[in-house]
$ cat data.pdb   # PDB, C-alpha atoms
ATOM      1  CA  MET P 139       2.637   9.659  -7.030
ATOM      2  CA  LYS P 140       5.374   7.513  -8.515
ATOM      3  CA  THR P 141       4.750   5.753 -11.818
ATOM      4  CA  THR P 142       6.047   2.556 -13.353
ATOM      5  CA  GLU P 143       5.615   1.168 -16.857
ATOM      6  CA  ILE P 144       4.216  -2.217 -17.850
ATOM      7  CA  VAL P 145       4.373  -3.291 -21.497
ATOM      8  CA  GLY P 146       1.935  -6.041 -22.402
ATOM      9  CA  PHE P 147       0.626  -8.083 -25.314
ATOM     10  CA  LYS P 148      -3.012  -8.873 -26.045
ATOM     11  CA  ARG P 149      -4.437 -12.333 -25.499
ATOM     12  CA  ALA P 150      -6.946 -13.703 -27.990
ATOM     13  CA  THR P 151     -10.315 -14.857 -26.635
ATOM     14  CA  ASN P 152      -9.389 -18.468 -27.379
ATOM     15  CA  GLU P 153      -6.221 -18.138 -25.296
ATOM     16  CA  LEU P 154      -7.803 -17.362 -21.919
ATOM     17  CA  GLY P 155      -8.012 -20.876 -20.498
ATOM     18  CA  THR P 156      -5.930 -22.524 -17.783
ATOM     19  CA  ALA P 157      -3.657 -24.319 -20.240
ATOM     20  CA  PHE P 158      -2.685 -21.096 -22.009
ATOM     21  CA  SER P 159      -2.101 -19.344 -18.670
ATOM     22  CA  LYS P 160       0.253 -22.126 -17.563
ATOM     23  CA  ARG P 161       2.167 -21.848 -20.807
ATOM     24  CA  LEU P 162       2.532 -18.083 -20.395
ATOM     25  CA  ARG P 163       3.934 -18.496 -16.876
ATOM     26  CA  ALA P 164       6.344 -21.174 -18.063
ATOM     27  CA  GLU P 165       7.612 -18.670 -20.636
ATOM     28  CA  GLY P 166       8.175 -16.030 -17.941
ATOM     29  CA  ASN P 167       4.984 -14.030 -18.483
ATOM     30  CA  VAL P 168       2.075 -13.030 -16.238
ATOM     31  CA  PRO P 169      -1.569 -13.313 -17.368
ATOM     32  CA  CYS P 170      -3.331  -9.985 -16.681
ATOM     33  CA  VAL P 171      -6.633  -8.222 -17.173
ATOM     34  CA  LEU P 172      -7.547  -4.510 -17.229
ATOM     35  CA  TYR P 173     -10.990  -3.468 -15.967
ATOM     36  CA  GLY P 174     -12.749  -0.145 -15.512
ATOM     37  CA  GLY P 175     -12.592   1.286 -19.027
ATOM     38  CA  GLU P 176     -14.773   1.007 -22.102
ATOM     39  CA  GLU P 177     -13.582  -2.533 -22.628
ATOM     40  CA  VAL P 178     -11.969  -5.327 -20.666
ATOM     41  CA  ILE P 179      -8.457  -6.020 -21.980
ATOM     42  CA  HIS P 180      -6.845  -9.420 -21.448
ATOM     43  CA  PHE P 181      -3.091  -9.378 -21.911
ATOM     44  CA  HIS P 182       0.200 -10.785 -20.655
ATOM     45  CA  ALA P 183       3.413  -9.064 -19.646
ATOM     46  CA  PRO P 184       6.971 -10.201 -18.797
ATOM     47  CA  MET P 185       7.228 -11.229 -15.156
ATOM     48  CA  TYR P 186      10.376  -9.164 -14.507
ATOM     49  CA  LEU P 187       8.429  -5.938 -15.171
ATOM     50  CA  PHE P 188       6.455  -6.485 -11.962
ATOM     51  CA  ARG P 189       9.429  -6.214  -9.595
ATOM     52  CA  ASP P 190       9.047  -2.481  -8.952
ATOM     53  CA  LEU P 191       5.284  -2.781  -8.643
ATOM     54  CA  LEU P 192       4.902  -5.789  -6.342
ATOM     55  CA  TYR P 193       8.122  -6.232  -4.390
ATOM     56  CA  THR P 194       8.265  -2.810  -2.788
ATOM     57  CA  PRO P 195       6.490  -0.976   0.035
ATOM     58  CA  ASP P 196       5.801   1.936  -2.345
ATOM     59  CA  SER P 197       2.591   2.504  -4.303
ATOM     60  CA  TYR P 198       2.540   3.278  -8.014
ATOM     61  CA  ILE P 199       0.339   4.475 -10.835
ATOM     62  CA  VAL P 200       0.967   2.167 -13.791
ATOM     63  CA  ASP P 201       1.550   3.440 -17.320
ATOM     64  CA  LEU P 202       0.251   0.424 -19.219
ATOM     65  CA  ASN P 203       1.081  -0.048 -22.885
ATOM     66  CA  VAL P 204      -0.639  -2.969 -24.600
ATOM     67  CA  GLU P 205       0.535  -3.108 -28.204
ATOM     68  CA  GLY P 206       0.439   0.675 -28.535
ATOM     69  CA  VAL P 207      -2.763   1.222 -26.559
ATOM     70  CA  GLU P 208      -1.790   3.306 -23.524
ATOM     71  CA  LYS P 209      -3.780   3.346 -20.291
ATOM     72  CA  LYS P 210      -3.237   4.696 -16.793
ATOM     73  CA  CYS P 211      -4.210   2.233 -14.104
ATOM     74  CA  ILE P 212      -3.544   0.954 -10.609
ATOM     75  CA  LEU P 213      -2.975  -2.514  -9.236
ATOM     76  CA  GLN P 214      -6.299  -3.980  -8.153
ATOM     77  CA  ASP P 215      -5.458  -7.555  -7.210
ATOM     78  CA  VAL P 216      -2.629 -10.063  -7.503
ATOM     79  CA  GLN P 217      -2.615 -13.827  -7.045
ATOM     80  CA  PHE P 218       0.508 -15.731  -5.966
ATOM     81  CA  HIS P 219       1.227 -19.446  -5.979
ATOM     82  CA  PRO P 220       0.786 -20.630  -2.346
ATOM     83  CA  VAL P 221       4.087 -22.538  -2.334
ATOM     84  CA  SER P 222       6.468 -20.949  -4.849
ATOM     85  CA  ASP P 223       5.127 -17.352  -4.622
ATOM     86  CA  MET P 224       5.126 -17.187  -8.416
ATOM     87  CA  ILE P 225       2.810 -14.474  -9.759
ATOM     88  CA  LEU P 226      -0.240 -16.283 -11.131
ATOM     89  CA  HIS P 227      -2.481 -13.425 -12.240
ATOM     90  CA  VAL P 228      -2.746  -9.640 -11.945
ATOM     91  CA  ASP P 229      -5.820  -7.418 -12.182
ATOM     92  CA  PHE P 230      -5.515  -3.727 -13.056
ATOM     93  CA  LEU P 231      -8.108  -0.955 -12.740
ATOM     94  CA  GLU P 232      -8.133   1.791 -15.369
ATOM     95  CA  ILE P 233      -8.265   5.313 -13.939
ATOM     96  CA  SER P 234      -9.132   8.752 -15.326
ATOM     97  CA  GLU P 235      -8.059  12.180 -14.123
ATOM     98  CA  ASP P 236     -11.600  13.339 -13.284
ATOM     99  CA  LYS P 237     -12.591  10.359 -11.107
ATOM    100  CA  PRO P 238     -11.352   9.757  -7.543
ATOM    101  CA  VAL P 239      -9.531   6.497  -6.945
ATOM    102  CA  LYS P 240      -8.986   4.435  -3.807
ATOM    103  CA  MET P 241      -5.674   2.767  -3.057
ATOM    104  CA  ASP P 242      -3.336   1.761  -0.248
ATOM    105  CA  VAL P 243      -0.460   4.151   0.413
ATOM    106  CA  PRO P 244       2.531   3.594   2.738
ATOM    107  CA  VAL P 245       2.841   5.454   6.024
ATOM    108  CA  LYS P 246       5.970   7.547   6.593
ATOM    109  CA  ILE P 247       6.845   8.234  10.226
ATOM    110  CA  THR P 248       8.391  11.653  10.883
ATOM    111  CA  GLY P 249       9.442  13.501  14.012
ATOM    112  CA  ALA P 250      10.897  12.293  17.306
ATOM    113  CA  ALA P 251       8.581  10.855  19.940
ATOM    114  CA  GLU P 252       9.127  12.228  23.440
ATOM    115  CA  GLY P 253       8.551   8.795  24.933
ATOM    116  CA  VAL P 254      11.416   7.331  22.935
ATOM    117  CA  LYS P 255      13.814   9.940  24.315
ATOM    118  CA  ILE P 256      13.294   8.548  27.835
ATOM    119  CA  GLY P 257      13.550   4.878  26.945
ATOM    120  CA  GLY P 258      10.295   3.947  25.216
ATOM    121  CA  VAL P 259      10.106   1.949  21.985
ATOM    122  CA  LEU P 260       8.293   3.289  18.918
ATOM    123  CA  VAL P 261       6.119   0.571  17.376
ATOM    124  CA  ILE P 262       4.591   0.970  13.907
ATOM    125  CA  LYS P 263       1.067  -0.421  14.048
ATOM    126  CA  THR P 264      -0.143   0.411  10.528
ATOM    127  CA  ARG P 265       2.240   0.462   7.567
ATOM    128  CA  LYS P 266      -0.303   1.388   4.870
ATOM    129  CA  LEU P 267      -3.473   3.461   4.878
ATOM    130  CA  ARG P 268      -6.262   3.476   2.310
ATOM    131  CA  VAL P 269      -6.776   6.874   0.706
ATOM    132  CA  LYS P 270      -9.182   8.403  -1.790
ATOM    133  CA  ALA P 271      -8.197  11.169  -4.192
ATOM    134  CA  LEU P 272      -8.037  12.238  -7.797
ATOM    135  CA  PRO P 273      -5.101  10.513  -9.513
ATOM    136  CA  SER P 274      -3.129  13.772  -9.633
ATOM    137  CA  GLN P 275      -3.583  14.208  -5.863
ATOM    138  CA  LEU P 276      -2.601  10.724  -4.754
ATOM    139  CA  PRO P 277       0.279  11.024  -2.265
ATOM    140  CA  ASP P 278       3.472   8.979  -2.355
ATOM    141  CA  TYR P 279       2.940   8.376   1.351
ATOM    142  CA  VAL P 280       0.853   9.473   4.326
ATOM    143  CA  GLU P 281       2.998  11.441   6.763
ATOM    144  CA  ALA P 282       2.497  10.532  10.414
ATOM    145  CA  ASN P 283       4.296  12.934  12.749
ATOM    146  CA  VAL P 284       5.048  11.478  16.190
ATOM    147  CA  ASP P 285       6.480  14.625  17.784
ATOM    148  CA  GLY P 286       5.252  14.834  21.359
ATOM    149  CA  LEU P 287       4.116  11.208  21.533
ATOM    150  CA  GLN P 288       4.530  10.144  25.162
ATOM    151  CA  LEU P 289       5.087   6.779  26.849
ATOM    152  CA  GLY P 290       2.067   4.508  26.528
ATOM    153  CA  LYS P 291       0.388   6.786  24.000
ATOM    154  CA  SER P 292      -0.607   6.138  20.395
ATOM    155  CA  LEU P 293      -1.003   8.253  17.280
ATOM    156  CA  LYS P 294      -4.332   7.614  15.588
ATOM    157  CA  VAL P 295      -5.681   8.298  12.119
ATOM    158  CA  GLU P 296      -7.812  11.177  13.359
ATOM    159  CA  SER P 297      -4.635  13.076  14.327
ATOM    160  CA  ILE P 298      -3.109  12.884  10.847
ATOM    161  CA  LYS P 299      -3.479  15.878   8.556
ATOM    162  CA  ALA P 300      -4.490  14.886   5.026
ATOM    163  CA  GLU P 301      -4.239  17.571   2.340
ATOM    164  CA  GLY P 302      -5.749  16.907  -1.078
ATOM    165  CA  TYR P 303      -6.857  13.410  -0.205
ATOM    166  CA  GLU P 304      -9.090  11.536   2.246
ATOM    167  CA  ILE P 305      -8.006   8.740   4.581
ATOM    168  CA  LEU P 306     -10.646   6.010   4.526
ATOM    169  CA  ASN P 307      -9.469   4.021   7.555
ATOM    170  CA  ALA P 308     -11.415   4.417  10.788
ATOM    171  CA  LYS P 309     -10.302   7.429  12.807
ATOM    172  CA  SER P 310      -9.638   5.194  15.805
ATOM    173  CA  VAL P 311      -7.010   3.099  13.979
ATOM    174  CA  SER P 312      -3.637   3.299  15.711
ATOM    175  CA  VAL P 313      -0.752   4.125  13.373
ATOM    176  CA  ALA P 314       2.141   4.188  15.866
ATOM    177  CA  SER P 315       2.607   3.913  19.607
ATOM    178  CA  VAL P 316       5.346   4.234  22.208
ATOM    179  CA  THR P 317       5.528   1.097  24.295
ATOM    180  CA  ILE P 318       7.195   0.835  27.690
ATOM    181  CA  PRO P 319       9.963  -1.803  27.985
ATOM    182  CA  ARG P 320       9.781  -4.043  31.059
ATOM    183  CA  SER P 321      13.033  -2.661  32.463
ATOM    184  CA  LEU P 322      11.738   0.906  32.228
ATOM    185  CA  ARG P 323       8.361  -0.046  33.659
ATOM    186  CA  GLN P 324      10.004  -1.568  36.682
ATOM    187  CA  ALA P 325      12.053   1.581  37.203
ATOM    188  CA  LEU P 326       9.006   3.821  37.204
ATOM    189  CA  ASN P 327       6.644   4.226  40.111
ATOM    190  CA  ALA P 328       3.469   2.199  39.754
ATOM    191  CA  GLY P 329       1.392   5.383  39.706
ATOM    192  CA  ASP P 330       3.302   6.962  36.853
ATOM    193  CA  VAL P 331       2.303   4.536  34.080
ATOM    194  CA  VAL P 332      -0.790   2.451  33.513
ATOM    195  CA  GLU P 333       0.570  -0.764  32.082
ATOM    196  CA  GLY P 334      -0.588  -1.655  28.585
ATOM    197  CA  GLU P 335      -2.656   1.490  28.218
ATOM    198  CA  GLU P 336      -2.651   3.377  24.921
ATOM    199  CA  GLU P 337      -4.412   6.668  24.437
ATOM    200  CA  GLU P 338      -4.798   9.147  21.657
ATOM    201  CA  ALA P 339      -1.817  11.371  21.031
TER     202      ALA P 339
END
$ encode --input "data.pdb" --output "structure tokens"
Amino acid sequence: MKTTEIVGFKRATNELGTAFSKRLRAEGNVPCVLYGGEEVIHFHAPMYLFRDLLYTPDSYIVDLNVEGVEKKCILQDVQFHPVSDMILHVDFLEISEDKPVKMDVPVKITGAAEGVKIGGVLVIKTRKLRVKALPSQLPDYVEANVDGLQLGKSLKVESIKAEGYEILNAKSVSVASVTIPRSLRQALNAGDVVEGEEEEA
């Protein structure tokens, strides 16, 4: 899986209140906390370092460096301002190589759906799936192959091959489907297509 680096600076215990957090944001920093290890680490990091981590469809393992203390972690939670979308707070979860981790990974559609070749429209229903794996086995993406997907059919989680990791979403979750445009539906005989029906690929 891809990695990105965040360099942070520790926050003293008397600097964890709302007033200090507001001051950090005004200075272009993000208040953060790291859980999951031997100790909870409160720190702040420059806001611009979060661009690759938050404003992308990709998923990352974070190489966190807080004043020389290096940790591997993943994004656990992020809070945005409801109006300005400013980053208010970020939670990280420390990971270790011998413990499985759960995280959301983007879906990558591959192949050419048969239904699209005759006028159908491929619709992506699920853009990220939750997976579980050791950190070294976490995939950059979950590959969803739509070869052979016919009109009115859908590709579900249970049809996706996962190697080295486990997909935690329900097997019945639809990842992609081929819908039938109105113009094509009208051109087909009523008995050829059941309108609105989606079945397993």
$ residues_around --input "data.pdb" --residues "range 246-259 of chain P" --least-positions-apart "6" --cutoff "10 Å" --atoms "only C-alpha atoms" --output "CSV table (one decimal) with C-alpha atoms, in the coordinates of the input"
chain,number,residue,atom,x,y,z
P,265,ARG,CA,2.2,0.5,7.6
P,266,LYS,CA,-0.3,1.4,4.9
P,278,ASP,CA,3.5,9.0,-2.4
P,279,TYR,CA,2.9,8.4,1.4
P,280,VAL,CA,0.9,9.5,4.3
P,281,GLU,CA,3.0,11.4,6.8
P,282,ALA,CA,2.5,10.5,10.4
P,283,ASN,CA,4.3,12.9,12.7
P,284,VAL,CA,5.0,11.5,16.2
P,285,ASP,CA,6.5,14.6,17.8
P,286,GLY,CA,5.3,14.8,21.4
P,287,LEU,CA,4.1,11.2,21.5
P,288,GLN,CA,4.5,10.1,25.2
P,289,LEU,CA,5.1,6.8,26.8
P,290,GLY,CA,2.1,4.5,26.5
P,291,LYS,CA,0.4,6.8,24.0
P,313,VAL,CA,-0.8,4.1,13.4
P,314,ALA,CA,2.1,4.2,15.9
P,315,SER,CA,2.6,3.9,19.6
P,316,VAL,CA,5.3,4.2,22.2
P,317,THR,CA,5.5,1.1,24.3
P,318,ILE,CA,7.2,0.8,27.7
P,319,PRO,CA,10.0,-1.8,28.0
P,320,ARG,CA,9.8,-4.0,31.1
P,321,SER,CA,13.0,-2.7,32.5
P,322,LEU,CA,11.7,0.9,32.2
P,323,ARG,CA,8.4,0.0,33.7
$ residues_around --input "data.pdb" --residues "range 195-201 of chain P" --least-positions-apart "2" --cutoff "6 Å" --atoms "only C-alpha atoms" --output "ChimeraX atom specification"
/P:140-143,210-212,243
$ closest_atom_pairs --input "data.pdb" --of "range 179-243 of chain P" --to "range 148-170 of chain P" --cutoff "7 Å" --atoms "all atoms listed in the file" --output "JSON lines"
{"residue": "P:His180", "atom": "CA", "partner": "P:Arg149", "partner_atom": "CA", "distance": 5.5}
{"residue": "P:Phe181", "atom": "CA", "partner": "P:Lys148", "partner_atom": "CA", "distance": 4.2}
{"residue": "P:His182", "atom": "CA", "partner": "P:Pro169", "partner_atom": "CA", "distance": 4.5}
{"residue": "P:Ala183", "atom": "CA", "partner": "P:Asn167", "partner_atom": "CA", "distance": 5.3}
{"residue": "P:Pro184", "atom": "CA", "partner": "P:Asn167", "partner_atom": "CA", "distance": 4.3}
{"residue": "P:Met185", "atom": "CA", "partner": "P:Asn167", "partner_atom": "CA", "distance": 4.9}
{"residue": "P:Val204", "atom": "CA", "partner": "P:Lys148", "partner_atom": "CA", "distance": 6.5}
{"residue": "P:Ile225", "atom": "CA", "partner": "P:Val168", "partner_atom": "CA", "distance": 6.7}
{"residue": "P:Leu226", "atom": "CA", "partner": "P:Val168", "partner_atom": "CA", "distance": 6.5}
{"residue": "P:His227", "atom": "CA", "partner": "P:Pro169", "partner_atom": "CA", "distance": 5.2}
{"residue": "P:Val228", "atom": "CA", "partner": "P:Cys170", "partner_atom": "CA", "distance": 4.8}
{"residue": "P:Asp229", "atom": "CA", "partner": "P:Cys170", "partner_atom": "CA", "distance": 5.7}
$ closest_residue --input "data.pdb" --among "P:Ile262, P:Leu306, P:Ile144, P:Val239" --to "Glu205 in chain P" --atoms "only C-alpha atoms"
P:Ile144
$ closest_residue --input "data.pdb" --among "P:Thr264, P:Gly175, P:Val245, P:Leu213" --to "Leu191 in chain P" --atoms "all atoms listed in the file"
P:Leu213
$ closest_residue --input "data.pdb" --among "P:Lys209, P:Glu235, P:Ser312, P:Met139" --to "Val261 in chain P" --atoms "all atoms listed in the file"
P:Ser312
$ residues_around --input "data.pdb" --residues "range 268-270 of chain P" --least-positions-apart "3" --cutoff "6 Å" --atoms "only C-alpha atoms" --output "CSV table (one decimal) with C-alpha atoms, in the frame of the given file"
chain,number,residue,atom,x,y,z
P,239,VAL,CA,-9.5,6.5,-6.9
P,240,LYS,CA,-9.0,4.4,-3.8
P,241,MET,CA,-5.7,2.8,-3.1
P,242,ASP,CA,-3.3,1.8,-0.2
P,303,TYR,CA,-6.9,13.4,-0.2
P,304,GLU,CA,-9.1,11.5,2.2
P,305,ILE,CA,-8.0,8.7,4.6
P,306,LEU,CA,-10.6,6.0,4.5
$ resolve_selection --input "data.pdb" --expression "the PyMOL selection byres ((chain P and resi 231) around 6)" --output "list in words"
Leu172, Tyr173, Gly174, Cys211, Ile212, Gln214, Phe230 and Glu232 of chain P
$ atom_distance --input "data.pdb" --atom1 "CA of Gly146 in chain P" --atom2 "CA of Asn203 in chain P"
6.1 Å
$ atom_distance --input "data.pdb" --atom1 "CA of Lys263 in chain P" --atom2 "CA of Met224 in chain P"
28.3 Å
$ closest_residue --input "data.pdb" --among "P:Ile233, P:Val171, P:Ala300, P:Leu202" --to "Ser274 in chain P" --atoms "only C-alpha atoms"
P:Ile233
$ residues_around --input "data.pdb" --residues "Val311 in chain P" --least-positions-apart "3" --cutoff "7 Å" --atoms "all atoms listed in the file" --output "list in words"
Lys294, Val295, Asn307 and Ala308 of chain P
$ atom_distance --input "data.pdb" --atom1 "CA of Leu187 in chain P" --atom2 "CA of Phe147 in chain P"
13.0 Å
$ closest_residue --input "data.pdb" --among "P:Glu176, P:Gly302, P:Leu272, P:Arg189" --to "Asp236 in chain P" --atoms "only C-alpha atoms"
P:Leu272
$ closest_residue --input "data.pdb" --among "P:Glu301, P:Ser222, P:Pro238, P:Glu296" --to "Ala271 in chain P" --atoms "only C-alpha atoms"
P:Pro238
$ build_atoms --input "data.pdb" --residues "range 252-268 of chain P" --atoms "N, CA and C atoms" --output "compact mmCIF listing (two decimals), in the frame of the given file"
# COMPACT_ATOMS: atom_id res chain seq x y z
N GLU P 252 8.58 11.90 22.12
CA GLU P 252 9.13 12.23 23.44
C GLU P 252 9.34 10.97 24.27
N GLY P 253 8.44 10.02 24.14
CA GLY P 253 8.55 8.80 24.93
C GLY P 253 9.78 7.98 24.59
N VAL P 254 10.22 8.06 23.35
CA VAL P 254 11.42 7.33 22.94
C VAL P 254 12.66 7.94 23.57
N LYS P 255 12.65 9.26 23.75
CA LYS P 255 13.81 9.94 24.32
C LYS P 255 14.10 9.50 25.75
N ILE P 256 13.08 8.98 26.45
CA ILE P 256 13.29 8.55 27.84
C ILE P 256 13.22 7.03 27.98
N GLY P 257 13.42 6.33 26.86
CA GLY P 257 13.55 4.88 26.94
C GLY P 257 12.44 4.06 26.35
N GLY P 258 11.38 4.69 25.84
CA GLY P 258 10.30 3.95 25.22
C GLY P 258 10.68 3.42 23.84
N VAL P 259 9.85 2.55 23.30
CA VAL P 259 10.11 1.95 21.98
C VAL P 259 8.96 2.32 21.04
N LEU P 260 9.31 2.92 19.91
CA LEU P 260 8.29 3.29 18.92
C LEU P 260 7.90 2.05 18.11
N VAL P 261 6.63 1.74 18.09
CA VAL P 261 6.12 0.57 17.38
C VAL P 261 5.18 1.05 16.27
N ILE P 262 5.45 0.62 15.04
CA ILE P 262 4.59 0.97 13.91
C ILE P 262 3.44 -0.03 13.85
N LYS P 263 2.24 0.45 14.02
CA LYS P 263 1.07 -0.42 14.05
C LYS P 263 0.43 -0.60 12.67
N THR P 264 0.49 0.44 11.85
CA THR P 264 -0.14 0.41 10.53
C THR P 264 0.85 0.92 9.49
N ARG P 265 1.22 0.08 8.55
CA ARG P 265 2.24 0.46 7.57
C ARG P 265 1.65 1.03 6.28
N LYS P 266 0.36 0.80 6.04
CA LYS P 266 -0.30 1.39 4.87
C LYS P 266 -1.70 1.85 5.27
N LEU P 267 -2.13 2.94 4.66
CA LEU P 267 -3.47 3.46 4.88
C LEU P 267 -4.18 3.57 3.53
N ARG P 268 -5.49 3.38 3.55
CA ARG P 268 -6.26 3.48 2.31
C ARG P 268 -6.72 4.92 2.13
